>>> print(open('entry-v9.cif').read())   # mmCIF, C-alpha atoms and all ligand atoms
data_run
loop_
_atom_site.group_PDB
_atom_site.id
_atom_site.type_symbol
_atom_site.label_atom_id
_atom_site.label_comp_id
_atom_site.auth_asym_id
_atom_site.auth_seq_id
_atom_site.Cartn_x
_atom_site.Cartn_y
_atom_site.Cartn_z
ATOM 1 C CA MET A 1 2.647 -20.816 -13.176
ATOM 2 C CA ARG A 2 3.129 -18.347 -10.343
ATOM 3 C CA ILE A 3 2.453 -14.714 -11.150
ATOM 4 C CA ASN A 4 2.724 -11.301 -9.499
ATOM 5 C CA ILE A 5 -0.288 -9.123 -8.803
ATOM 6 C CA ALA A 6 0.019 -5.346 -8.418
ATOM 7 C CA ILE A 7 -2.750 -3.446 -6.657
ATOM 8 C CA ASP A 8 -2.684 0.349 -6.696
ATOM 9 C CA GLY A 9 -5.194 2.995 -5.779
ATOM 10 C CA PRO A 10 -5.977 5.798 -3.355
ATOM 11 C CA SER A 11 -5.958 5.288 0.397
ATOM 12 C CA ALA A 12 -8.653 3.160 2.004
ATOM 13 C CA ALA A 13 -9.949 1.821 -1.320
ATOM 14 C CA GLY A 14 -9.650 -1.714 0.088
ATOM 15 C CA LYS A 15 -6.272 -2.672 -1.386
ATOM 16 C CA SER A 16 -4.719 -4.330 1.657
ATOM 17 C CA THR A 17 -7.880 -6.147 2.709
ATOM 18 C CA ILE A 18 -8.291 -7.674 -0.743
ATOM 19 C CA ALA A 19 -4.570 -8.375 -1.134
ATOM 20 C CA LYS A 20 -4.606 -10.345 2.113
ATOM 21 C CA VAL A 21 -7.586 -12.471 1.067
ATOM 22 C CA LEU A 22 -6.030 -13.118 -2.360
ATOM 23 C CA ALA A 23 -2.701 -14.068 -0.787
ATOM 24 C CA GLU A 24 -4.450 -16.625 1.362
ATOM 25 C CA ARG A 25 -6.451 -18.051 -1.533
ATOM 26 C CA LEU A 26 -3.425 -18.346 -3.812
ATOM 27 C CA GLY A 27 -0.817 -19.186 -1.183
ATOM 28 C CA TYR A 28 1.097 -16.049 -2.206
ATOM 29 C CA VAL A 29 2.919 -13.446 -0.102
ATOM 30 C CA HIS A 30 1.259 -10.085 0.496
ATOM 31 C CA LEU A 31 3.492 -7.043 0.699
ATOM 32 C CA ASP A 32 1.858 -3.840 1.943
ATOM 33 C CA THR A 33 4.280 -1.203 0.653
ATOM 34 C CA GLY A 34 2.385 1.612 2.399
ATOM 35 C CA ALA A 35 3.514 0.108 5.708
ATOM 36 C CA MET A 36 7.103 0.825 4.681
ATOM 37 C CA TYR A 37 6.399 4.527 4.046
ATOM 38 C CA ARG A 38 4.563 4.587 7.366
ATOM 39 C CA CYS A 39 7.646 3.195 9.137
ATOM 40 C CA VAL A 40 9.793 5.950 7.613
ATOM 41 C CA ALA A 41 7.274 8.532 8.844
ATOM 42 C CA LEU A 42 7.122 7.073 12.362
ATOM 43 C CA LYS A 43 10.879 6.966 12.775
ATOM 44 C CA ALA A 44 11.301 10.486 11.370
ATOM 45 C CA LEU A 45 8.711 11.865 13.810
ATOM 46 C CA ARG A 46 10.348 10.057 16.717
ATOM 47 C CA GLU A 47 13.798 11.311 15.763
ATOM 48 C CA LYS A 48 12.472 14.796 15.005
ATOM 49 C CA ILE A 49 13.695 14.760 11.429
ATOM 50 C CA ASP A 50 11.971 17.380 9.284
ATOM 51 C CA LEU A 51 9.650 15.568 6.853
ATOM 52 C CA ASN A 52 10.849 17.942 4.115
ATOM 53 C CA ASP A 53 14.518 17.113 4.722
ATOM 54 C CA GLU A 54 15.054 14.552 1.969
ATOM 55 C CA ASP A 55 18.744 13.982 2.707
ATOM 56 C CA GLY A 56 18.100 13.718 6.444
ATOM 57 C CA LEU A 57 15.424 11.095 5.793
ATOM 58 C CA CYS A 58 17.792 9.169 3.520
ATOM 59 C CA ARG A 59 20.566 9.192 6.108
ATOM 60 C CA MET A 60 18.052 7.840 8.593
ATOM 61 C CA LEU A 61 16.941 5.154 6.111
ATOM 62 C CA ALA A 62 20.505 3.943 5.675
ATOM 63 C CA ASN A 63 20.283 2.716 9.278
ATOM 64 C CA THR A 64 16.710 1.526 9.219
ATOM 65 C CA ASP A 65 15.477 -2.031 9.104
ATOM 66 C CA ILE A 66 11.877 -2.595 8.023
ATOM 67 C CA ARG A 67 10.428 -6.084 8.113
ATOM 68 C CA LEU A 68 6.947 -7.186 7.084
ATOM 69 C CA THR A 69 5.888 -10.657 8.157
ATOM 70 C CA PRO A 70 3.451 -12.982 6.344
ATOM 71 C CA ARG A 71 1.028 -12.370 9.249
ATOM 72 C CA SER A 72 0.988 -8.633 8.388
ATOM 73 C CA GLU A 73 3.058 -7.631 11.399
ATOM 74 C CA VAL A 74 5.397 -4.708 10.851
ATOM 75 C CA PHE A 75 8.778 -4.442 12.552
ATOM 76 C CA LEU A 76 10.814 -1.240 12.589
ATOM 77 C CA ASP A 77 14.396 -1.808 13.718
ATOM 78 C CA GLY A 78 13.200 -4.949 15.491
ATOM 79 C CA GLU A 79 10.309 -3.271 17.330
ATOM 80 C CA GLU A 80 6.752 -4.227 16.478
ATOM 81 C CA VAL A 81 4.878 -1.131 15.238
ATOM 82 C CA THR A 82 1.944 -2.844 13.476
ATOM 83 C CA ASN A 83 -0.741 -0.680 15.101
ATOM 84 C CA GLU A 84 1.330 2.367 15.889
ATOM 85 C CA ILE A 85 1.803 3.149 12.180
ATOM 86 C CA ARG A 86 -1.977 3.254 11.562
ATOM 87 C CA THR A 87 -2.807 6.550 13.273
ATOM 88 C CA ASP A 88 -4.092 9.550 11.289
ATOM 89 C CA GLU A 89 -0.938 11.484 12.149
ATOM 90 C CA ILE A 90 1.284 8.790 10.631
ATOM 91 C CA SER A 91 -0.993 8.476 7.569
ATOM 92 C CA LEU A 92 -0.445 12.099 6.684
ATOM 93 C CA ALA A 93 3.257 12.029 7.567
ATOM 94 C CA ALA A 94 3.716 8.896 5.382
ATOM 95 C CA SER A 95 2.175 10.734 2.473
ATOM 96 C CA SER A 96 4.642 13.600 3.077
ATOM 97 C CA VAL A 97 7.788 11.452 3.207
ATOM 98 C CA SER A 98 6.639 9.543 0.113
ATOM 99 C CA LYS A 99 6.987 12.612 -2.106
ATOM 100 C CA HIS A 100 10.805 12.511 -2.000
ATOM 101 C CA ALA A 101 12.491 10.811 -4.972
ATOM 102 C CA LYS A 102 15.399 9.466 -2.903
ATOM 103 C CA VAL A 103 13.137 8.020 -0.209
ATOM 104 C CA ARG A 104 11.075 6.339 -2.925
ATOM 105 C CA SER A 105 14.080 4.923 -4.702
ATOM 106 C CA ASP A 106 15.408 3.418 -1.449
ATOM 107 C CA LEU A 107 12.072 1.748 -0.651
ATOM 108 C CA VAL A 108 11.397 0.712 -4.262
ATOM 109 C CA SER A 109 14.720 -1.182 -4.378
ATOM 110 C CA ARG A 110 13.850 -2.931 -1.112
ATOM 111 C CA GLN A 111 10.457 -3.904 -2.544
ATOM 112 C CA GLN A 112 11.960 -5.158 -5.813
ATOM 113 C CA GLU A 113 14.566 -7.131 -3.905
ATOM 114 C CA ILE A 114 11.874 -8.837 -1.817
ATOM 115 C CA ALA A 115 9.755 -9.663 -4.883
ATOM 116 C CA ARG A 116 12.514 -10.950 -7.135
ATOM 117 C CA ASP A 117 10.562 -14.163 -7.627
ATOM 118 C CA LYS A 118 6.921 -14.606 -8.540
ATOM 119 C CA GLY A 119 4.111 -15.269 -6.068
ATOM 120 C CA PHE A 120 3.663 -11.756 -4.657
ATOM 121 C CA ILE A 121 0.662 -9.530 -4.229
ATOM 122 C CA MET A 122 1.911 -6.037 -3.638
ATOM 123 C CA ASP A 123 -0.264 -3.071 -2.874
ATOM 124 C CA GLY A 124 0.612 0.625 -2.952
ATOM 125 C CA ARG A 125 0.552 3.597 -5.306
ATOM 126 C CA ASP A 126 3.308 2.863 -7.838
ATOM 127 C CA ILE A 127 3.381 -0.920 -8.002
ATOM 128 C CA GLY A 128 1.981 -1.323 -11.533
ATOM 129 C CA THR A 129 3.785 1.758 -12.851
ATOM 130 C CA VAL A 130 7.223 1.429 -11.192
ATOM 131 C CA VAL A 131 7.887 -1.393 -8.720
ATOM 132 C CA LEU A 132 6.457 -4.398 -10.592
ATOM 133 C CA LYS A 133 6.054 -3.088 -14.128
ATOM 134 C CA ASN A 134 6.011 -6.680 -15.369
ATOM 135 C CA ALA A 135 3.285 -7.910 -13.016
ATOM 136 C CA GLU A 136 0.926 -10.218 -14.911
ATOM 137 C CA VAL A 137 -2.169 -8.737 -13.262
ATOM 138 C CA LYS A 138 -2.465 -5.037 -12.424
ATOM 139 C CA ILE A 139 -5.452 -3.679 -10.560
ATOM 140 C CA TYR A 140 -6.348 -0.039 -10.028
ATOM 141 C CA MET A 141 -8.760 -0.024 -7.117
ATOM 142 C CA VAL A 142 -10.954 2.981 -6.424
ATOM 143 C CA ALA A 143 -13.960 3.779 -4.194
ATOM 144 C CA SER A 144 -15.955 6.885 -3.362
ATOM 145 C CA PRO A 145 -14.465 9.106 -0.616
ATOM 146 C CA GLU A 146 -17.559 8.436 1.537
ATOM 147 C CA ALA A 147 -17.213 4.658 1.298
ATOM 148 C CA ARG A 148 -13.494 4.891 2.047
ATOM 149 C CA ALA A 149 -13.922 7.103 5.114
ATOM 150 C CA LEU A 150 -16.581 4.838 6.557
ATOM 151 C CA ARG A 151 -14.448 1.741 5.993
ATOM 152 C CA ARG A 152 -11.377 3.301 7.588
ATOM 153 C CA TYR A 153 -13.494 4.412 10.578
ATOM 154 C CA ARG A 154 -14.885 0.902 11.102
ATOM 155 C CA GLN A 155 -11.452 -0.630 10.630
ATOM 156 C CA ASN A 156 -9.958 1.654 13.303
ATOM 157 C CA ILE A 157 -12.679 0.711 15.781
ATOM 158 C CA GLU A 158 -12.276 -2.988 15.013
ATOM 159 C CA LYS A 159 -8.529 -2.830 15.546
ATOM 160 C CA GLY A 160 -8.804 -0.663 18.662
ATOM 161 C CA ILE A 161 -6.890 2.169 16.975
ATOM 162 C CA PRO A 162 -7.788 5.677 18.250
ATOM 163 C CA THR A 163 -9.988 7.184 15.548
ATOM 164 C CA SER A 164 -11.337 10.553 14.437
ATOM 165 C CA SER A 165 -14.900 10.995 13.187
ATOM 166 C CA VAL A 166 -15.937 9.837 9.698
ATOM 167 C CA GLU A 167 -15.997 13.488 8.551
ATOM 168 C CA ILE A 168 -12.455 14.155 9.727
ATOM 169 C CA ILE A 169 -11.231 10.911 8.153
ATOM 170 C CA ALA A 170 -12.915 11.903 4.864
ATOM 171 C CA GLU A 171 -11.100 15.240 4.944
ATOM 172 C CA GLU A 172 -7.786 13.529 5.698
ATOM 173 C CA ILE A 173 -8.384 11.108 2.811
ATOM 174 C CA ARG A 174 -9.071 13.997 0.423
ATOM 175 C CA GLN A 175 -5.875 15.719 1.550
ATOM 176 C CA ARG A 176 -3.823 12.557 1.073
ATOM 177 C CA ASP A 177 -5.384 11.833 -2.340
ATOM 178 C CA TYR A 178 -4.389 15.308 -3.418
ATOM 179 C CA GLN A 179 -0.810 14.894 -2.148
ATOM 180 C CA ASP A 180 -0.414 11.397 -3.593
ATOM 181 C CA MET A 181 -1.847 12.296 -7.006
ATOM 182 C CA ASN A 182 -0.106 15.624 -7.438
ATOM 183 C CA ARG A 183 3.417 14.907 -6.262
ATOM 184 C CA GLU A 184 6.218 15.141 -8.786
ATOM 185 C CA ASN A 185 7.711 11.683 -8.182
ATOM 186 C CA SER A 186 5.672 8.621 -9.150
ATOM 187 C CA PRO A 187 2.289 10.221 -8.515
ATOM 188 C CA LEU A 188 -0.596 7.826 -8.053
ATOM 189 C CA ARG A 189 -1.969 6.966 -11.482
ATOM 190 C CA LYS A 190 -3.514 4.010 -13.203
ATOM 191 C CA ALA A 191 -1.045 1.971 -15.268
ATOM 192 C CA ASP A 192 -2.131 1.746 -18.915
ATOM 193 C CA ASP A 193 -2.533 -2.009 -18.623
ATOM 194 C CA ALA A 194 -4.324 -2.010 -15.248
ATOM 195 C CA PHE A 195 -7.927 -3.120 -14.704
ATOM 196 C CA GLU A 196 -9.929 -0.543 -12.780
ATOM 197 C CA ILE A 197 -12.304 -1.817 -10.092
ATOM 198 C CA ASP A 198 -14.635 0.501 -8.181
ATOM 199 C CA THR A 199 -15.200 -1.253 -4.857
ATOM 200 C CA SER A 200 -17.708 1.281 -3.396
ATOM 201 C CA ASP A 201 -20.674 -1.054 -3.704
ATOM 202 C CA MET A 202 -18.890 -4.382 -3.838
ATOM 203 C CA THR A 203 -18.299 -6.918 -1.084
ATOM 204 C CA ILE A 204 -14.824 -8.250 -0.307
ATOM 205 C CA GLU A 205 -15.906 -11.564 -1.825
ATOM 206 C CA GLU A 206 -17.050 -9.917 -5.085
ATOM 207 C CA VAL A 207 -13.811 -7.970 -5.512
ATOM 208 C CA THR A 208 -11.760 -11.063 -4.702
ATOM 209 C CA GLU A 209 -13.690 -13.130 -7.263
ATOM 210 C CA ARG A 210 -13.187 -10.481 -9.963
ATOM 211 C CA ILE A 211 -9.415 -10.481 -9.430
ATOM 212 C CA MET A 212 -9.224 -14.261 -9.046
ATOM 213 C CA ALA A 213 -10.888 -14.595 -12.474
ATOM 214 C CA LEU A 214 -8.191 -12.390 -14.025
ATOM 215 C CA ALA A 215 -5.361 -14.091 -12.152
ATOM 216 C CA THR A 216 -6.537 -17.638 -12.884
ATOM 217 C CA LYS A 217 -6.400 -16.954 -16.630
ATOM 218 C CA PHE A 218 -2.684 -16.166 -16.367
ATOM 219 C CA ILE A 219 -1.910 -18.938 -13.910
ATOM 220 C CA HIS A 220 -3.505 -21.586 -16.161
ATOM 221 C CA ALA A 221 -2.151 -20.090 -19.395
ATOM 222 C CA GLY A 222 1.346 -20.800 -18.045
ATOM 223 C CA GLU A 223 0.397 -24.380 -17.190
ATOM 224 C CA GLU A 224 -0.849 -25.131 -20.718
ATOM 225 C CA GLU A 225 2.431 -24.087 -22.379
HETATM 226 O O1 LIG A 301 -1.303 2.540 1.562
HETATM 227 P P1 LIG A 301 -1.105 3.459 2.781
HETATM 228 O O2 LIG A 301 -2.278 4.351 3.041
HETATM 229 O O3 LIG A 301 -0.703 2.697 3.990
HETATM 230 O O4 LIG A 301 0.143 4.402 2.370
HETATM 231 C C1 LIG A 301 0.637 5.439 3.183
HETATM 232 C C2 LIG A 301 1.240 6.534 2.320
HETATM 233 O O5 LIG A 301 2.423 6.050 1.679
HETATM 234 C C3 LIG A 301 0.343 7.029 1.191
HETATM 235 O O6 LIG A 301 -0.276 8.256 1.511
HETATM 236 C C4 LIG A 301 1.257 7.237 0.010
HETATM 237 C C5 LIG A 301 2.488 6.490 0.333
HETATM 238 N N1 LIG A 301 2.736 5.343 -0.539
HETATM 239 C C6 LIG A 301 3.401 5.564 -1.715
HETATM 240 O O7 LIG A 301 3.693 6.705 -2.050
HETATM 241 N N2 LIG A 301 3.731 4.517 -2.513
HETATM 242 C C7 LIG A 301 3.396 3.263 -2.178
HETATM 243 N N3 LIG A 301 3.752 2.244 -2.979
HETATM 244 C C8 LIG A 301 2.694 3.021 -0.982
HETATM 245 C C9 LIG A 301 2.354 4.085 -0.186
#
>>> encode(input="entry-v9.cif", output="structure tokens")
Amino acid sequence: MRINIAIDGPSAAGKSTIAKVLAERLGYVHLDTGAMYRCVALKALREKIDLNDEDGLCRMLANTDIRLTPRSEVFLDGEEVTNEIRTDEISLAASSVSKHAKVRSDLVSRQQEIARDKGFIMDGRDIGTVVLKNAEVKIYMVASPEARALRRYRQNIEKGIPTSSVEIIAEEIRQRDYQDMNRENSPLRKADDAFEIDTSDMTIEEVTERIMALATKFIHAGEEE
């Protein structure tokens, strides 16, 4: 049986990295929903739309095409923006646009449309609570702010993305956590039926194994029926 896996948690907790590995292992499709909010932020900044102007952002979204490929490339209106959406400026702007109910509802419907069938691993902030409420496996992934800042720093260097110092990244992460957890619409929170995993001192392999153990139970349960 194919299932859906929802992975939520604060920024830089390792969600996308793990989701990618799991997708490969299971032959599933990974959907990084944060990349969609990042696209909205990038286009709004380019078109000088005020990030607080909810209706302006929605009008813009009505004419916006966002495409995520299985190889984790991100296309905004046909232009590849895979790396451009990873800067610190866009991270913060994405968190700002994501507080608007109408922006969220537009993107949530796109995400639900994409994942109408099973076989998806979606990561974000509201996947287990809103987007894929019926996901068989829900993970709430956390890590200490220090571990997250260091990971993001190393990731930036690896990908050749211009990066701030670890201290500045840690501050930016704290600011985003605050915004994401305290917004009115779909704030980041653990779904009641989610398994919490603290990845601070775990390797990618260990986290993957933990989730694979949970997922396999569901996958095989379906086969026995
Ligand atoms: O996962 P990320 O860091 O790429 O996400 C960027 C921002 O988008 C994050 O600060 C909060 C927002 N976001 C959201 O509100 N809901 C999601 N499902 C995914 C991301």
>>> residues_around(input="entry-v9.cif", residues="Gln175 (chain A)", least_positions_apart="4", cutoff="12 Å", atoms="all atoms listed in the file", output="PyMOL selection string")
chain A and resi 10-11+88+91-93+95-96+145+168-171+179-182
>>> residues_around(input="entry-v9.cif", residues="Ile114 (chain A)", least_positions_apart="5", cutoff="12 Å", atoms="all atoms listed in the file", output="PDB file with C-alpha atoms, in the frame of the given file")
ATOM      1  CA  VAL A  29       2.919 -13.446  -0.102  1.00  0.00           C
ATOM      2  CA  HIS A  30       1.259 -10.085   0.496  1.00  0.00           C
ATOM      3  CA  LEU A  31       3.492  -7.043   0.699  1.00  0.00           C
ATOM      4  CA  ASP A  32       1.858  -3.840   1.943  1.00  0.00           C
ATOM      5  CA  THR A  33       4.280  -1.203   0.653  1.00  0.00           C
ATOM      6  CA  ILE A  66      11.877  -2.595   8.023  1.00  0.00           C
ATOM      7  CA  ARG A  67      10.428  -6.084   8.113  1.00  0.00           C
ATOM      8  CA  LEU A  68       6.947  -7.186   7.084  1.00  0.00           C
ATOM      9  CA  THR A  69       5.888 -10.657   8.157  1.00  0.00           C
ATOM     10  CA  LEU A 107      12.072   1.748  -0.651  1.00  0.00           C
ATOM     11  CA  VAL A 108      11.397   0.712  -4.262  1.00  0.00           C
ATOM     12  CA  SER A 109      14.720  -1.182  -4.378  1.00  0.00           C
ATOM     13  CA  GLY A 119       4.111 -15.269  -6.068  1.00  0.00           C
ATOM     14  CA  PHE A 120       3.663 -11.756  -4.657  1.00  0.00           C
ATOM     15  CA  ILE A 121       0.662  -9.530  -4.229  1.00  0.00           C
ATOM     16  CA  MET A 122       1.911  -6.037  -3.638  1.00  0.00           C
ATOM     17  CA  VAL A 131       7.887  -1.393  -8.720  1.00  0.00           C
ATOM     18  CA  LEU A 132       6.457  -4.398 -10.592  1.00  0.00           C
TER      19      LEU A 132
END
>>> residues_near_ligand(input="entry-v9.cif", ligand="ligand LIG 301 (chain A)", cutoff="7 Å", atoms="all atoms listed in the file", output="PyMOL selection string")
chain A and resi 11-12+33-35+37-38+91-92+94-95+98-99+123-127+176+180
>>> residues_near_point(input="entry-v9.cif", point="(-13.6, 10.4, 9.1)", cutoff="10 Å", atoms="only C-alpha atoms", output="list in words")
Asp88, Pro145, Glu146, Arg148, Ala149, Leu150, Arg151, Arg152, Tyr153, Arg154, Thr163, Ser164, Ser165, Val166, Glu167, Ile168, Ile169, Ala170, Glu171, Glu172 and Ile173 of chain A
>>> closest_residue(input="entry-v9.cif", among="A:Tyr28, A:Phe75, A:Phe195, A:Tyr178", to="Arg210 (chain A)", atoms="only C-alpha atoms")
A:Phe195
>>> closest_residue(input="entry-v9.cif", among="A:Lys133, A:Lys138, A:Lys159, A:Arg86", to="Ala6 (chain A)", atoms="all atoms listed in the file")
A:Lys138
>>> closest_residue(input="entry-v9.cif", among="A:Asp177, A:Glu73, A:Glu47, A:Asp8", to="Met60 (chain A)", atoms="only C-alpha atoms")
A:Glu47
>>> resolve_selection(input="entry-v9.cif", expression="the PyMOL selection byres (((chain A and resi 3) around 7) and not hetatm)", output="PyMOL selection string")
chain A and resi 1-2+4-5+118-119+136+219
>>> atom_distance(input="entry-v9.cif", atom1="CA of Val207 (chain A)", atom2="CA of Thr129 (chain A)")
21.4 Å
>>> atom_distance(input="entry-v9.cif", atom1="CA of Arg183 (chain A)", atom2="CA of Ala41 (chain A)")
16.8 Å
>>> atom_distance(input="entry-v9.cif", atom1="CA of Leu57 (chain A)", atom2="CA of Ile161 (chain A)")
26.5 Å
>>> resolve_selection(input="entry-v9.cif", expression="the PyMOL selection byres (((chain A and resi 65) around 9) and not hetatm)", output="list in words")
Leu61, Ala62, Asn63, Thr64, Ile66, Arg67, Phe75, Leu76, Asp77 and Gly78 of chain A
>>> closest_residue(input="entry-v9.cif", among="A:Ala135, A:Leu22, A:Val130, A:Ile157", to="Thr87 (chain A)", atoms="all atoms listed in the file")
A:Ile157
>>> residues_around(input="entry-v9.cif", residues="Arg25 (chain A)", least_positions_apart="6", cutoff="10 Å", atoms="only C-alpha atoms", output="PyMOL selection string")
chain A and resi 19+208+212
